[in-house]
Amino acid sequence: MSLIDFSKSEITFKVVYYGPAMSGKTTNLSWIFRTIPEKVKGQFTSIATETERTLFFDFLPVELGTVKGFKIRLSLYTVPGQELYKLTRKSVLKSVDGIVFVADSNRDRREDNVKNLEDMFKNLADYELPDIPIIYQLNKRDTPAIMPVGELIDDLQLKGKHVYLGIASSGVSVMECLKGITREVVSKI
Amino acid sequence: MEGQLSSLVITKEDIETIDELFSQYLVDSQAKDIILLNKSGELLAKSGMVTRDSAIAVSALAAGVFSATNELAKLLGEREFTLTFHQGKETNIHISLVDPLILLAVIFDNKAPIGAIRFWAKKISGSIKPVLEKMASGPRQEPSQDLRKGLQDEIDNLF
Ligand SMILES: Nc1nc2c(ncn2[C@@H]2O[C@H](COP(=O)(O)OP(=O)(O)OP(=O)(O)O)[C@@H](O)[C@H]2O)c(=O)[nH]1
Ligand SMILES: [Mg+2]
């Protein structure tokens, strides 16, 4: 649910990076944090286990600039992908305006991608948010045992959807995805 | 229910009313900060020494803590916990539900007794509630067509 604050002339959108464990969601946010200029980013908050797995969420507020006198802000979140944190995933998704689904291209993560995507659609249905914009990042394209893109698209039923090929750890398609989802959420206002 | 609202709109008048209330309560209660946020973690208003940046991060975390606590409630067969309280060496934070979508976080230093904290949190909630009700029911100020179009046209320049 976007927040329109006429007193400060600001609009804030909530974007959530969703996807299975270890697919690269936190890596996307870290890359964004490292890349964007100091003055447009807020505090990067990360609640993780000792081993860097997301336990609760990551949070990064970003200020994009001004359009027609309105400051455009994004609240970026990641969910914890591990099966264990199902309920946390759902709660982070509350009132979301747009989603970047980060899939892991490795063949041995095939089932996790499908299961996690189903879990996401179920949560969106529970929140009565069926028409939220979603874009898809097929990540880890640099790793050896990846599935061909066409097969992933069939598997996750992504025909006709916005799909990006990513290597989040070296920034490939990270900013493109952020821009893509921003364009989508803004068009819904 | 939330899904049907596409955006939450705050007007200048809403914020002025809230700011005025909060400033008064800050003096009366001797709280350090008062923060109003929604359940999804967005900062709506703040009063006190806390910077905007910190208040934004506090809001995201406070909403997270609150929703986690409520999952706990459900697992224990309770419908909802309506407040959570955390006590530190120097600082306390009291987070409570004001209406179904809105939370209030009040931060005190450690000199404040828990009874007083509860009292003030309740009192602030009580006086903020009518403002929120008015916000929800009043005529909605909509983003202009001009702004909508500007957003579409200029989004690419923002990156
Ligand atoms: N080779 C390669 N490694 C990546 C890529 N993206 C992320 N990684 C690595 O994959 C591991 C997991 O990445 P995270 O970003 O922590 O994964 P996550 O999706 O946040 O995982 P959870 O928090 O458990 O849900 C890290 O070691 C990253 O450096 C990529 O495109 N290629
Ligand atoms: Mg993570």
# chains A, B, ... in the order shown; residues from 1 in each chain; ligands from 1

call {"tool": "residues_near_ligand", "arguments": {"ligand": "ligand 1", "cutoff": "8 Å", "atoms": "only C-alpha atoms and all ligand atoms", "output": "mmCIF file with all heavy atoms, in the first residue's frame"}}
result
data_model
loop_
_atom_site.group_PDB
_atom_site.id
_atom_site.type_symbol
_atom_site.label_atom_id
_atom_site.label_comp_id
_atom_site.auth_asym_id
_atom_site.auth_seq_id
_atom_site.Cartn_x
_atom_site.Cartn_y
_atom_site.Cartn_z
ATOM 1 N N TYR A 18 11.482 -11.429 -2.931
ATOM 2 C CA TYR A 18 10.972 -12.706 -2.446
ATOM 3 C C TYR A 18 11.726 -13.816 -3.179
ATOM 4 O O TYR A 18 12.255 -13.587 -4.264
ATOM 5 C CB TYR A 18 9.473 -12.793 -2.786
ATOM 6 C CG TYR A 18 8.645 -13.637 -1.852
ATOM 7 C CD1 TYR A 18 7.959 -13.048 -0.795
ATOM 8 C CD2 TYR A 18 8.549 -15.025 -2.030
ATOM 9 C CE1 TYR A 18 7.185 -13.810 0.064
ATOM 10 C CE2 TYR A 18 7.781 -15.789 -1.166
ATOM 11 C CZ TYR A 18 7.090 -15.181 -0.129
ATOM 12 O OH TYR A 18 6.324 -15.932 0.724
ATOM 13 N N GLY A 19 11.744 -15.014 -2.626
ATOM 14 C CA GLY A 19 12.389 -16.117 -3.333
ATOM 15 C C GLY A 19 12.958 -17.130 -2.361
ATOM 16 O O GLY A 19 13.008 -16.883 -1.157
ATOM 17 N N PRO A 20 13.399 -18.285 -2.890
ATOM 18 C CA PRO A 20 13.881 -19.363 -2.022
ATOM 19 C C PRO A 20 15.191 -19.009 -1.322
ATOM 20 O O PRO A 20 15.851 -18.037 -1.685
ATOM 21 C CB PRO A 20 14.086 -20.539 -2.987
ATOM 22 C CG PRO A 20 14.285 -19.909 -4.313
ATOM 23 C CD PRO A 20 13.448 -18.665 -4.314
ATOM 24 N N ALA A 21 15.552 -19.823 -0.349
ATOM 25 C CA ALA A 21 16.763 -19.604 0.435
ATOM 26 C C ALA A 21 17.983 -19.531 -0.477
ATOM 27 O O ALA A 21 18.091 -20.292 -1.443
ATOM 28 C CB ALA A 21 16.934 -20.731 1.443
ATOM 29 N N MET A 22 18.887 -18.609 -0.192
ATOM 30 C CA MET A 22 20.181 -18.501 -0.868
ATOM 31 C C MET A 22 20.089 -18.105 -2.332
ATOM 32 O O MET A 22 21.072 -18.222 -3.067
ATOM 33 C CB MET A 22 20.949 -19.855 -0.789
ATOM 34 C CG MET A 22 21.233 -20.345 0.597
ATOM 35 S SD MET A 22 22.525 -19.386 1.346
ATOM 36 C CE MET A 22 23.959 -20.367 0.870
ATOM 37 N N SER A 23 18.952 -17.611 -2.779
ATOM 38 C CA SER A 23 18.824 -17.288 -4.204
ATOM 39 C C SER A 23 19.526 -15.977 -4.553
ATOM 40 O O SER A 23 19.808 -15.706 -5.717
ATOM 41 C CB SER A 23 17.350 -17.231 -4.607
ATOM 42 O OG SER A 23 16.699 -16.136 -4.007
ATOM 43 N N GLY A 24 19.783 -15.130 -3.535
ATOM 44 C CA GLY A 24 20.506 -13.881 -3.799
ATOM 45 C C GLY A 24 19.716 -12.616 -3.495
ATOM 46 O O GLY A 24 20.050 -11.541 -3.987
ATOM 47 N N LYS A 25 18.699 -12.711 -2.669
ATOM 48 C CA LYS A 25 17.864 -11.546 -2.341
ATOM 49 C C LYS A 25 18.658 -10.488 -1.571
ATOM 50 O O LYS A 25 18.666 -9.318 -1.927
ATOM 51 C CB LYS A 25 16.637 -11.993 -1.517
ATOM 52 C CG LYS A 25 15.792 -13.030 -2.229
ATOM 53 C CD LYS A 25 14.659 -13.550 -1.358
ATOM 54 C CE LYS A 25 15.109 -14.380 -0.157
ATOM 55 N NZ LYS A 25 15.767 -15.656 -0.511
ATOM 56 N N THR A 26 19.319 -10.932 -0.499
ATOM 57 C CA THR A 26 20.127 -10.000 0.290
ATOM 58 C C THR A 26 21.243 -9.411 -0.568
ATOM 59 O O THR A 26 21.567 -8.228 -0.462
ATOM 60 C CB THR A 26 20.706 -10.717 1.528
ATOM 61 O OG1 THR A 26 19.607 -11.183 2.331
ATOM 62 C CG2 THR A 26 21.574 -9.793 2.367
ATOM 63 N N THR A 27 21.806 -10.242 -1.453
ATOM 64 C CA THR A 27 22.876 -9.774 -2.340
ATOM 65 C C THR A 27 22.391 -8.623 -3.224
ATOM 66 O O THR A 27 23.120 -7.666 -3.464
ATOM 67 C CB THR A 27 23.396 -10.949 -3.198
ATOM 68 O OG1 THR A 27 23.704 -12.041 -2.330
ATOM 69 C CG2 THR A 27 24.630 -10.558 -3.981
ATOM 70 N N ASN A 28 21.158 -8.701 -3.715
ATOM 71 C CA ASN A 28 20.578 -7.599 -4.489
ATOM 72 C C ASN A 28 20.573 -6.308 -3.679
ATOM 73 O O ASN A 28 21.019 -5.266 -4.150
ATOM 74 C CB ASN A 28 19.125 -7.921 -4.901
ATOM 75 C CG ASN A 28 19.019 -8.560 -6.272
ATOM 76 O OD1 ASN A 28 18.910 -7.869 -7.280
ATOM 77 N ND2 ASN A 28 19.058 -9.884 -6.301
ATOM 78 N N ALA A 48 20.023 -10.993 10.548
ATOM 79 C CA ALA A 48 20.509 -12.251 9.992
ATOM 80 C C ALA A 48 21.023 -13.166 11.091
ATOM 81 O O ALA A 48 21.278 -12.732 12.214
ATOM 82 C CB ALA A 48 21.624 -11.972 8.988
ATOM 83 N N GLU A 52 24.871 -15.387 8.254
ATOM 84 C CA GLU A 52 24.486 -14.465 7.189
ATOM 85 C C GLU A 52 23.196 -14.844 6.465
ATOM 86 O O GLU A 52 22.903 -14.300 5.413
ATOM 87 C CB GLU A 52 25.612 -14.324 6.140
ATOM 88 C CG GLU A 52 26.921 -13.793 6.682
ATOM 89 C CD GLU A 52 26.902 -12.280 6.886
ATOM 90 O OE1 GLU A 52 26.516 -11.582 5.938
ATOM 91 O OE2 GLU A 52 27.234 -11.829 7.990
ATOM 92 N N ARG A 53 22.475 -15.810 7.002
ATOM 93 C CA ARG A 53 21.182 -16.123 6.391
ATOM 94 C C ARG A 53 20.178 -15.148 6.984
ATOM 95 O O ARG A 53 20.199 -14.885 8.178
ATOM 96 C CB ARG A 53 20.746 -17.560 6.743
ATOM 97 C CG ARG A 53 21.810 -18.607 6.495
ATOM 98 C CD ARG A 53 22.119 -18.728 5.021
ATOM 99 N NE ARG A 53 20.926 -19.099 4.273
ATOM 100 C CZ ARG A 53 20.527 -20.363 4.120
ATOM 101 N NH1 ARG A 53 21.219 -21.352 4.630
ATOM 102 N NH2 ARG A 53 19.450 -20.634 3.437
ATOM 103 N N THR A 54 19.275 -14.656 6.140
ATOM 104 C CA THR A 54 18.287 -13.714 6.653
ATOM 105 C C THR A 54 17.350 -14.415 7.635
ATOM 106 O O THR A 54 16.814 -15.480 7.346
ATOM 107 C CB THR A 54 17.494 -13.085 5.492
ATOM 108 O OG1 THR A 54 18.408 -12.481 4.596
ATOM 109 C CG2 THR A 54 16.511 -12.044 6.006
ATOM 110 N N LEU A 55 17.215 -13.813 8.820
ATOM 111 C CA LEU A 55 16.410 -14.415 9.877
ATOM 112 C C LEU A 55 15.031 -13.767 9.905
ATOM 113 O O LEU A 55 14.013 -14.411 10.132
ATOM 114 C CB LEU A 55 17.118 -14.194 11.218
ATOM 115 C CG LEU A 55 16.389 -14.593 12.496
ATOM 116 C CD1 LEU A 55 16.141 -16.081 12.512
ATOM 117 C CD2 LEU A 55 17.208 -14.186 13.711
ATOM 118 N N PHE A 57 14.294 -9.943 8.210
ATOM 119 C CA PHE A 57 14.276 -9.261 6.913
ATOM 120 C C PHE A 57 15.488 -8.352 6.796
ATOM 121 O O PHE A 57 16.199 -8.118 7.767
ATOM 122 C CB PHE A 57 12.991 -8.451 6.710
ATOM 123 C CG PHE A 57 12.693 -7.411 7.763
ATOM 124 C CD1 PHE A 57 13.431 -6.237 7.854
ATOM 125 C CD2 PHE A 57 11.647 -7.607 8.667
ATOM 126 C CE1 PHE A 57 13.139 -5.278 8.810
ATOM 127 C CE2 PHE A 57 11.347 -6.643 9.629
ATOM 128 C CZ PHE A 57 12.097 -5.483 9.709
ATOM 129 N N THR A 78 13.800 -7.602 2.031
ATOM 130 C CA THR A 78 13.924 -8.996 1.575
ATOM 131 C C THR A 78 13.243 -9.878 2.606
ATOM 132 O O THR A 78 13.156 -9.517 3.785
ATOM 133 C CB THR A 78 15.389 -9.483 1.468
ATOM 134 O OG1 THR A 78 15.900 -9.729 2.798
ATOM 135 C CG2 THR A 78 16.277 -8.485 0.750
ATOM 136 N N VAL A 79 12.763 -11.030 2.161
ATOM 137 C CA VAL A 79 12.214 -12.006 3.112
ATOM 138 C C VAL A 79 13.277 -13.062 3.383
ATOM 139 O O VAL A 79 14.212 -13.221 2.603
ATOM 140 C CB VAL A 79 10.954 -12.709 2.549
ATOM 141 C CG1 VAL A 79 9.837 -11.704 2.313
ATOM 142 C CG2 VAL A 79 11.271 -13.475 1.276
ATOM 143 N N PRO A 80 13.146 -13.822 4.478
ATOM 144 C CA PRO A 80 14.016 -14.972 4.676
ATOM 145 C C PRO A 80 13.482 -16.138 3.834
ATOM 146 O O PRO A 80 12.301 -16.455 3.912
ATOM 147 C CB PRO A 80 13.890 -15.265 6.168
ATOM 148 C CG PRO A 80 12.547 -14.720 6.556
ATOM 149 C CD PRO A 80 12.202 -13.631 5.592
ATOM 150 N N GLY A 81 14.348 -16.734 3.011
ATOM 151 C CA GLY A 81 13.872 -17.751 2.076
ATOM 152 C C GLY A 81 13.701 -19.138 2.668
ATOM 153 O O GLY A 81 12.973 -19.967 2.129
ATOM 154 N N GLN A 82 14.380 -19.398 3.789
ATOM 155 C CA GLN A 82 14.350 -20.757 4.321
ATOM 156 C C GLN A 82 12.933 -21.168 4.718
ATOM 157 O O GLN A 82 12.187 -20.374 5.278
ATOM 158 C CB GLN A 82 15.263 -20.861 5.545
ATOM 159 C CG GLN A 82 16.728 -20.700 5.208
ATOM 160 C CD GLN A 82 17.608 -20.885 6.441
ATOM 161 O OE1 GLN A 82 17.846 -22.009 6.874
ATOM 162 N NE2 GLN A 82 18.063 -19.796 7.002
ATOM 163 N N VAL A 102 13.275 -13.450 -6.805
ATOM 164 C CA VAL A 102 14.634 -13.856 -7.165
ATOM 165 C C VAL A 102 14.709 -15.382 -7.159
ATOM 166 O O VAL A 102 14.631 -16.009 -6.101
ATOM 167 C CB VAL A 102 15.673 -13.269 -6.181
ATOM 168 C CG1 VAL A 102 17.097 -13.649 -6.597
ATOM 169 C CG2 VAL A 102 15.541 -11.744 -6.089
ATOM 170 N N ASN A 139 18.458 -15.714 -11.202
ATOM 171 C CA ASN A 139 19.780 -15.312 -10.706
ATOM 172 C C ASN A 139 20.792 -16.444 -10.796
ATOM 173 O O ASN A 139 20.455 -17.581 -11.103
ATOM 174 C CB ASN A 139 19.626 -14.822 -9.253
ATOM 175 C CG ASN A 139 20.855 -14.089 -8.774
ATOM 176 O OD1 ASN A 139 21.532 -13.407 -9.557
ATOM 177 N ND2 ASN A 139 21.172 -14.240 -7.490
ATOM 178 N N LYS A 140 22.014 -16.097 -10.492
ATOM 179 C CA LYS A 140 23.154 -17.032 -10.465
ATOM 180 C C LYS A 140 23.425 -17.621 -11.846
ATOM 181 O O LYS A 140 23.754 -18.802 -11.975
ATOM 182 C CB LYS A 140 22.920 -18.149 -9.435
ATOM 183 C CG LYS A 140 22.721 -17.621 -8.010
ATOM 184 C CD LYS A 140 23.036 -18.668 -6.970
ATOM 185 C CE LYS A 140 22.950 -18.107 -5.559
ATOM 186 N NZ LYS A 140 23.268 -19.062 -4.526
ATOM 187 N N ARG A 141 23.301 -16.789 -12.879
ATOM 188 C CA ARG A 141 23.543 -17.279 -14.242
ATOM 189 C C ARG A 141 25.017 -17.611 -14.457
ATOM 190 O O ARG A 141 25.385 -18.150 -15.507
ATOM 191 C CB ARG A 141 23.086 -16.238 -15.291
ATOM 192 C CG ARG A 141 21.591 -15.929 -15.300
ATOM 193 C CD ARG A 141 20.700 -17.140 -15.375
ATOM 194 N NE ARG A 141 20.834 -17.914 -16.583
ATOM 195 C CZ ARG A 141 20.211 -19.073 -16.785
ATOM 196 N NH1 ARG A 141 19.411 -19.568 -15.852
ATOM 197 N NH2 ARG A 141 20.376 -19.740 -17.905
ATOM 198 N N ASP A 142 25.883 -17.274 -13.510
ATOM 199 C CA ASP A 142 27.319 -17.554 -13.670
ATOM 200 C C ASP A 142 27.725 -18.907 -13.105
ATOM 201 O O ASP A 142 28.870 -19.304 -13.195
ATOM 202 C CB ASP A 142 28.134 -16.455 -12.952
ATOM 203 C CG ASP A 142 27.833 -16.402 -11.445
ATOM 204 O OD1 ASP A 142 26.663 -16.674 -11.062
ATOM 205 O OD2 ASP A 142 28.746 -16.105 -10.661
ATOM 206 N N THR A 143 26.783 -19.618 -12.483
ATOM 207 C CA THR A 143 27.169 -20.879 -11.839
ATOM 208 C C THR A 143 27.050 -22.045 -12.829
ATOM 209 O O THR A 143 26.307 -21.954 -13.823
ATOM 210 C CB THR A 143 26.327 -21.128 -10.575
ATOM 211 O OG1 THR A 143 24.949 -20.947 -10.882
ATOM 212 C CG2 THR A 143 26.702 -20.158 -9.473
ATOM 213 N N GLY A 166 20.110 -12.631 -14.033
ATOM 214 C CA GLY A 166 20.938 -11.925 -13.068
ATOM 215 C C GLY A 166 22.182 -12.658 -12.609
ATOM 216 O O GLY A 166 22.250 -13.900 -12.610
ATOM 217 N N ILE A 167 23.181 -11.869 -12.258
ATOM 218 C CA ILE A 167 24.312 -12.349 -11.454
ATOM 219 C C ILE A 167 24.437 -11.300 -10.354
ATOM 220 O O ILE A 167 25.220 -10.353 -10.462
ATOM 221 C CB ILE A 167 25.622 -12.444 -12.269
ATOM 222 C CG1 ILE A 167 25.403 -13.246 -13.560
ATOM 223 C CG2 ILE A 167 26.743 -13.072 -11.426
ATOM 224 C CD1 ILE A 167 26.606 -13.239 -14.510
ATOM 225 N N ALA A 168 23.632 -11.457 -9.329
ATOM 226 C CA ALA A 168 23.500 -10.396 -8.320
ATOM 227 C C ALA A 168 24.834 -10.107 -7.641
ATOM 228 O O ALA A 168 25.124 -8.961 -7.313
ATOM 229 C CB ALA A 168 22.449 -10.778 -7.293
ATOM 230 N N SER A 169 25.654 -11.154 -7.467
ATOM 231 C CA SER A 169 26.923 -10.955 -6.747
ATOM 232 C C SER A 169 27.872 -10.036 -7.501
ATOM 233 O O SER A 169 28.752 -9.441 -6.906
ATOM 234 C CB SER A 169 27.581 -12.306 -6.453
ATOM 235 O OG SER A 169 27.567 -13.104 -7.620
ATOM 236 N N SER A 170 27.718 -9.922 -8.833
ATOM 237 C CA SER A 170 28.519 -8.903 -9.516
ATOM 238 C C SER A 170 27.632 -7.810 -10.110
ATOM 239 O O SER A 170 28.040 -7.097 -11.027
ATOM 240 C CB SER A 170 29.455 -9.536 -10.546
ATOM 241 O OG SER A 170 28.819 -10.547 -11.253
ATOM 242 N N GLY A 171 26.420 -7.705 -9.627
ATOM 243 C CA GLY A 171 25.582 -6.559 -9.974
ATOM 244 C C GLY A 171 24.823 -6.690 -11.285
ATOM 245 O O GLY A 171 24.094 -5.776 -11.668
ATOM 246 N N VAL A 172 24.956 -7.835 -11.966
ATOM 247 C CA VAL A 172 24.290 -7.955 -13.267
ATOM 248 C C VAL A 172 22.768 -7.974 -13.092
ATOM 249 O O VAL A 172 22.232 -8.829 -12.376
ATOM 250 C CB VAL A 172 24.767 -9.220 -14.027
ATOM 251 C CG1 VAL A 172 23.984 -9.400 -15.325
ATOM 252 C CG2 VAL A 172 26.263 -9.132 -14.303
#

call {"tool": "residues_around", "arguments": {"residues": "Ala60 of chain B", "least_positions_apart": "6", "cutoff": "8 Å", "atoms": "only C-alpha atoms", "output": "ChimeraX atom specification"}}
result
/A:59 /B:40-43

call {"tool": "interface_residues", "arguments": {"of": "chain B", "to": "chain A", "cutoff": "8 Å", "atoms": "only C-alpha atoms", "output": "ChimeraX atom specification"}}
result
/B:1-13,15,39-40,42,53-54,56-57,60,64,67-68,71,146-148,150-152,154-156,158-159

call {"tool": "write_last_selection", "arguments": {"atoms": "N, CA and C atoms", "output": "mmCIF file, in the first residue's frame"}}
result
data_model
loop_
_atom_site.group_PDB
_atom_site.id
_atom_site.type_symbol
_atom_site.label_atom_id
_atom_site.label_comp_id
_atom_site.auth_asym_id
_atom_site.auth_seq_id
_atom_site.Cartn_x
_atom_site.Cartn_y
_atom_site.Cartn_z
ATOM 1 N N MET B 1 -8.564 -7.270 3.583
ATOM 2 C CA MET B 1 -9.141 -5.968 3.891
ATOM 3 C C MET B 1 -8.184 -4.848 3.471
ATOM 4 N N GLU B 2 -6.903 -5.024 3.915
ATOM 5 C CA GLU B 2 -5.918 -4.018 3.546
ATOM 6 C C GLU B 2 -5.719 -3.947 2.042
ATOM 7 N N GLY B 3 -5.872 -5.099 1.413
ATOM 8 C CA GLY B 3 -5.582 -5.199 0.001
ATOM 9 C C GLY B 3 -6.434 -4.281 -0.851
ATOM 10 N N GLN B 4 -7.604 -3.920 -0.355
ATOM 11 C CA GLN B 4 -8.498 -3.098 -1.153
ATOM 12 C C GLN B 4 -8.069 -1.628 -1.198
ATOM 13 N N LEU B 5 -7.322 -1.216 -0.211
ATOM 14 C CA LEU B 5 -6.795 0.149 -0.227
ATOM 15 C C LEU B 5 -5.554 0.161 -1.100
ATOM 16 N N SER B 6 -5.505 1.068 -2.076
ATOM 17 C CA SER B 6 -4.291 1.065 -2.879
ATOM 18 C C SER B 6 -3.255 2.007 -2.279
ATOM 19 N N SER B 7 -3.718 3.001 -1.550
ATOM 20 C CA SER B 7 -2.732 3.841 -0.876
ATOM 21 C C SER B 7 -3.308 4.481 0.381
ATOM 22 N N LEU B 8 -2.396 4.807 1.274
ATOM 23 C CA LEU B 8 -2.764 5.520 2.493
ATOM 24 C C LEU B 8 -2.379 6.981 2.273
ATOM 25 N N VAL B 9 -3.349 7.860 2.447
ATOM 26 C CA VAL B 9 -3.104 9.266 2.152
ATOM 27 C C VAL B 9 -3.062 10.074 3.445
ATOM 28 N N ILE B 10 -2.017 10.846 3.624
ATOM 29 C CA ILE B 10 -1.921 11.731 4.783
ATOM 30 C C ILE B 10 -1.919 13.171 4.280
ATOM 31 N N THR B 11 -2.786 13.987 4.837
ATOM 32 C CA THR B 11 -2.826 15.380 4.397
ATOM 33 C C THR B 11 -2.016 16.252 5.353
ATOM 34 N N LYS B 12 -1.788 17.477 4.929
ATOM 35 C CA LYS B 12 -1.050 18.434 5.719
ATOM 36 C C LYS B 12 -1.758 18.678 7.060
ATOM 37 N N GLU B 13 -3.091 18.767 6.998
ATOM 38 C CA GLU B 13 -3.864 19.037 8.220
ATOM 39 C C GLU B 13 -3.729 17.869 9.204
ATOM 40 N N ILE B 15 -1.268 15.820 9.579
ATOM 41 C CA ILE B 15 0.061 15.841 10.188
ATOM 42 C C ILE B 15 0.183 16.977 11.194
ATOM 43 N N LYS B 39 1.193 -0.848 10.226
ATOM 44 C CA LYS B 39 1.598 -2.227 10.493
ATOM 45 C C LYS B 39 2.579 -2.744 9.461
ATOM 46 N N SER B 40 2.605 -2.125 8.279
ATOM 47 C CA SER B 40 3.561 -2.610 7.296
ATOM 48 C C SER B 40 4.920 -1.935 7.452
ATOM 49 N N GLU B 42 5.731 1.526 7.781
ATOM 50 C CA GLU B 42 6.022 2.874 7.291
ATOM 51 C C GLU B 42 5.842 3.924 8.373
ATOM 52 N N ASP B 53 15.881 9.546 9.620
ATOM 53 C CA ASP B 53 16.485 8.290 9.191
ATOM 54 C C ASP B 53 16.312 7.188 10.227
ATOM 55 N N SER B 54 16.588 7.526 11.505
ATOM 56 C CA SER B 54 16.437 6.529 12.553
ATOM 57 C C SER B 54 14.973 6.153 12.719
ATOM 58 N N ILE B 56 12.684 6.075 10.532
ATOM 59 C CA ILE B 56 12.281 5.187 9.433
ATOM 60 C C ILE B 56 12.713 3.754 9.744
ATOM 61 N N ALA B 57 13.945 3.603 10.222
ATOM 62 C CA ALA B 57 14.440 2.258 10.562
ATOM 63 C C ALA B 57 13.687 1.693 11.772
ATOM 64 N N ALA B 60 10.293 0.311 10.629
ATOM 65 C CA ALA B 60 10.363 -0.993 9.959
ATOM 66 C C ALA B 60 10.546 -2.105 10.981
ATOM 67 N N GLY B 64 7.931 -5.039 12.471
ATOM 68 C CA GLY B 64 8.384 -6.429 12.396
ATOM 69 C C GLY B 64 8.256 -7.131 13.727
ATOM 70 N N SER B 67 4.590 -7.754 14.463
ATOM 71 C CA SER B 67 3.945 -8.832 13.718
ATOM 72 C C SER B 67 4.484 -10.188 14.149
ATOM 73 N N ALA B 68 5.771 -10.253 14.500
ATOM 74 C CA ALA B 68 6.328 -11.520 14.998
ATOM 75 C C ALA B 68 5.647 -11.898 16.316
ATOM 76 N N GLU B 71 2.333 -13.406 15.649
ATOM 77 C CA GLU B 71 2.362 -14.802 15.220
ATOM 78 C C GLU B 71 2.507 -15.689 16.455
ATOM 79 N N ASP B 146 -1.756 15.238 -13.281
ATOM 80 C CA ASP B 146 -0.473 15.800 -13.664
ATOM 81 C C ASP B 146 0.687 15.016 -13.030
ATOM 82 N N LEU B 147 0.520 14.686 -11.728
ATOM 83 C CA LEU B 147 1.543 13.933 -11.018
ATOM 84 C C LEU B 147 1.645 12.519 -11.586
ATOM 85 N N ARG B 148 0.492 11.915 -11.830
ATOM 86 C CA ARG B 148 0.478 10.554 -12.387
ATOM 87 C C ARG B 148 1.263 10.504 -13.692
ATOM 88 N N GLY B 150 3.440 12.711 -14.807
ATOM 89 C CA GLY B 150 4.838 13.039 -14.566
ATOM 90 C C GLY B 150 5.627 11.808 -14.128
ATOM 91 N N LEU B 151 5.009 11.007 -13.247
ATOM 92 C CA LEU B 151 5.665 9.804 -12.754
ATOM 93 C C LEU B 151 5.985 8.854 -13.904
ATOM 94 N N GLN B 152 4.997 8.652 -14.778
ATOM 95 C CA GLN B 152 5.198 7.757 -15.924
ATOM 96 C C GLN B 152 6.336 8.249 -16.812
ATOM 97 N N GLU B 154 8.784 10.475 -16.169
ATOM 98 C CA GLU B 154 10.099 10.843 -15.639
ATOM 99 C C GLU B 154 10.787 9.745 -14.849
ATOM 100 N N ILE B 155 10.113 8.614 -14.713
ATOM 101 C CA ILE B 155 10.670 7.579 -13.848
ATOM 102 C C ILE B 155 12.071 7.161 -14.308
ATOM 103 N N ASP B 156 12.289 7.124 -15.610
ATOM 104 C CA ASP B 156 13.591 6.694 -16.127
ATOM 105 C C ASP B 156 14.715 7.658 -15.724
ATOM 106 N N LEU B 158 15.030 9.049 -12.945
ATOM 107 C CA LEU B 158 15.319 8.996 -11.513
ATOM 108 C C LEU B 158 16.481 8.053 -11.199
ATOM 109 N N PHE B 159 16.880 7.247 -12.180
ATOM 110 C CA PHE B 159 17.949 6.288 -11.900
ATOM 111 C C PHE B 159 19.288 6.717 -12.511
#

call {"tool": "residues_around", "arguments": {"residues": "Ile117 of chain B", "least_positions_apart": "4", "cutoff": "12 Å", "atoms": "only C-alpha atoms", "output": "VMD selection string"}}
result
chain B and resid 25 28 to 32 34 83 to 87 91 to 96 105 to 113 121 to 124

call {"tool": "closest_residue", "arguments": {"among": "A:Thr49, A:Pro37, A:Gly160, A:Ile153", "to": "ligand 2", "atoms": "only C-alpha atoms and all ligand atoms"}}
result
A:Thr49

call {"tool": "select_by_dssp", "arguments": {"residues": "chain B", "states": "alpha helix (DSSP H)", "output": "ChimeraX atom specification"}}
result
/B:12-29,52-75,114-137,145-154

call {"tool": "select_by_dssp", "arguments": {"residues": "segment 128-185 of chain A", "states": "strand (DSSP E)", "output": "number ranges by chain"}}
result
A: 134-139, 163-165

call {"tool": "write_last_selection", "arguments": {"atoms": "N, CA, C and O atoms", "output": "CSV table (one decimal), in the first residue's frame"}}
result
chain,number,residue,atom,x,y,z
A,134,ILE,N,4.8,-7.9,-10.3
A,134,ILE,CA,5.9,-8.8,-10.0
A,134,ILE,C,6.8,-8.9,-11.1
A,134,ILE,O,6.4,-9.1,-12.3
A,135,ILE,N,8.1,-8.8,-10.9
A,135,ILE,CA,9.1,-9.1,-11.9
A,135,ILE,C,10.0,-10.2,-11.4
A,135,ILE,O,10.1,-10.5,-10.2
A,136,TYR,N,10.7,-10.9,-12.4
A,136,TYR,CA,11.4,-12.1,-12.0
A,136,TYR,C,12.9,-12.0,-12.4
A,136,TYR,O,13.2,-11.6,-13.5
A,137,GLN,N,13.7,-12.2,-11.4
A,137,GLN,CA,15.2,-12.3,-11.7
A,137,GLN,C,15.6,-13.7,-11.6
A,137,GLN,O,15.5,-14.3,-10.6
A,138,LEU,N,16.1,-14.3,-12.8
A,138,LEU,CA,16.6,-15.6,-12.7
A,138,LEU,C,18.1,-15.4,-12.4
A,138,LEU,O,18.9,-15.0,-13.3
A,139,ASN,N,18.5,-15.7,-11.2
A,139,ASN,CA,19.8,-15.3,-10.7
A,139,ASN,C,20.8,-16.4,-10.8
A,139,ASN,O,20.5,-17.6,-11.1
A,163,VAL,N,11.0,-10.8,-17.2
A,163,VAL,CA,12.1,-11.7,-16.7
A,163,VAL,C,13.5,-11.1,-17.0
A,163,VAL,O,13.7,-10.6,-18.1
A,164,TYR,N,14.3,-11.1,-15.9
A,164,TYR,CA,15.7,-10.6,-16.1
A,164,TYR,C,16.6,-11.7,-15.7
A,164,TYR,O,16.4,-12.5,-14.8
A,165,LEU,N,17.8,-11.7,-16.4
A,165,LEU,CA,18.8,-12.7,-16.1
A,165,LEU,C,19.9,-12.1,-15.2
A,165,LEU,O,20.4,-11.0,-15.6

call {"tool": "closest_residue", "arguments": {"among": "A:Thr51, A:Glu118, A:Val40, A:Thr35", "to": "ligand 2", "atoms": "only C-alpha atoms and all ligand atoms"}}
result
A:Thr51
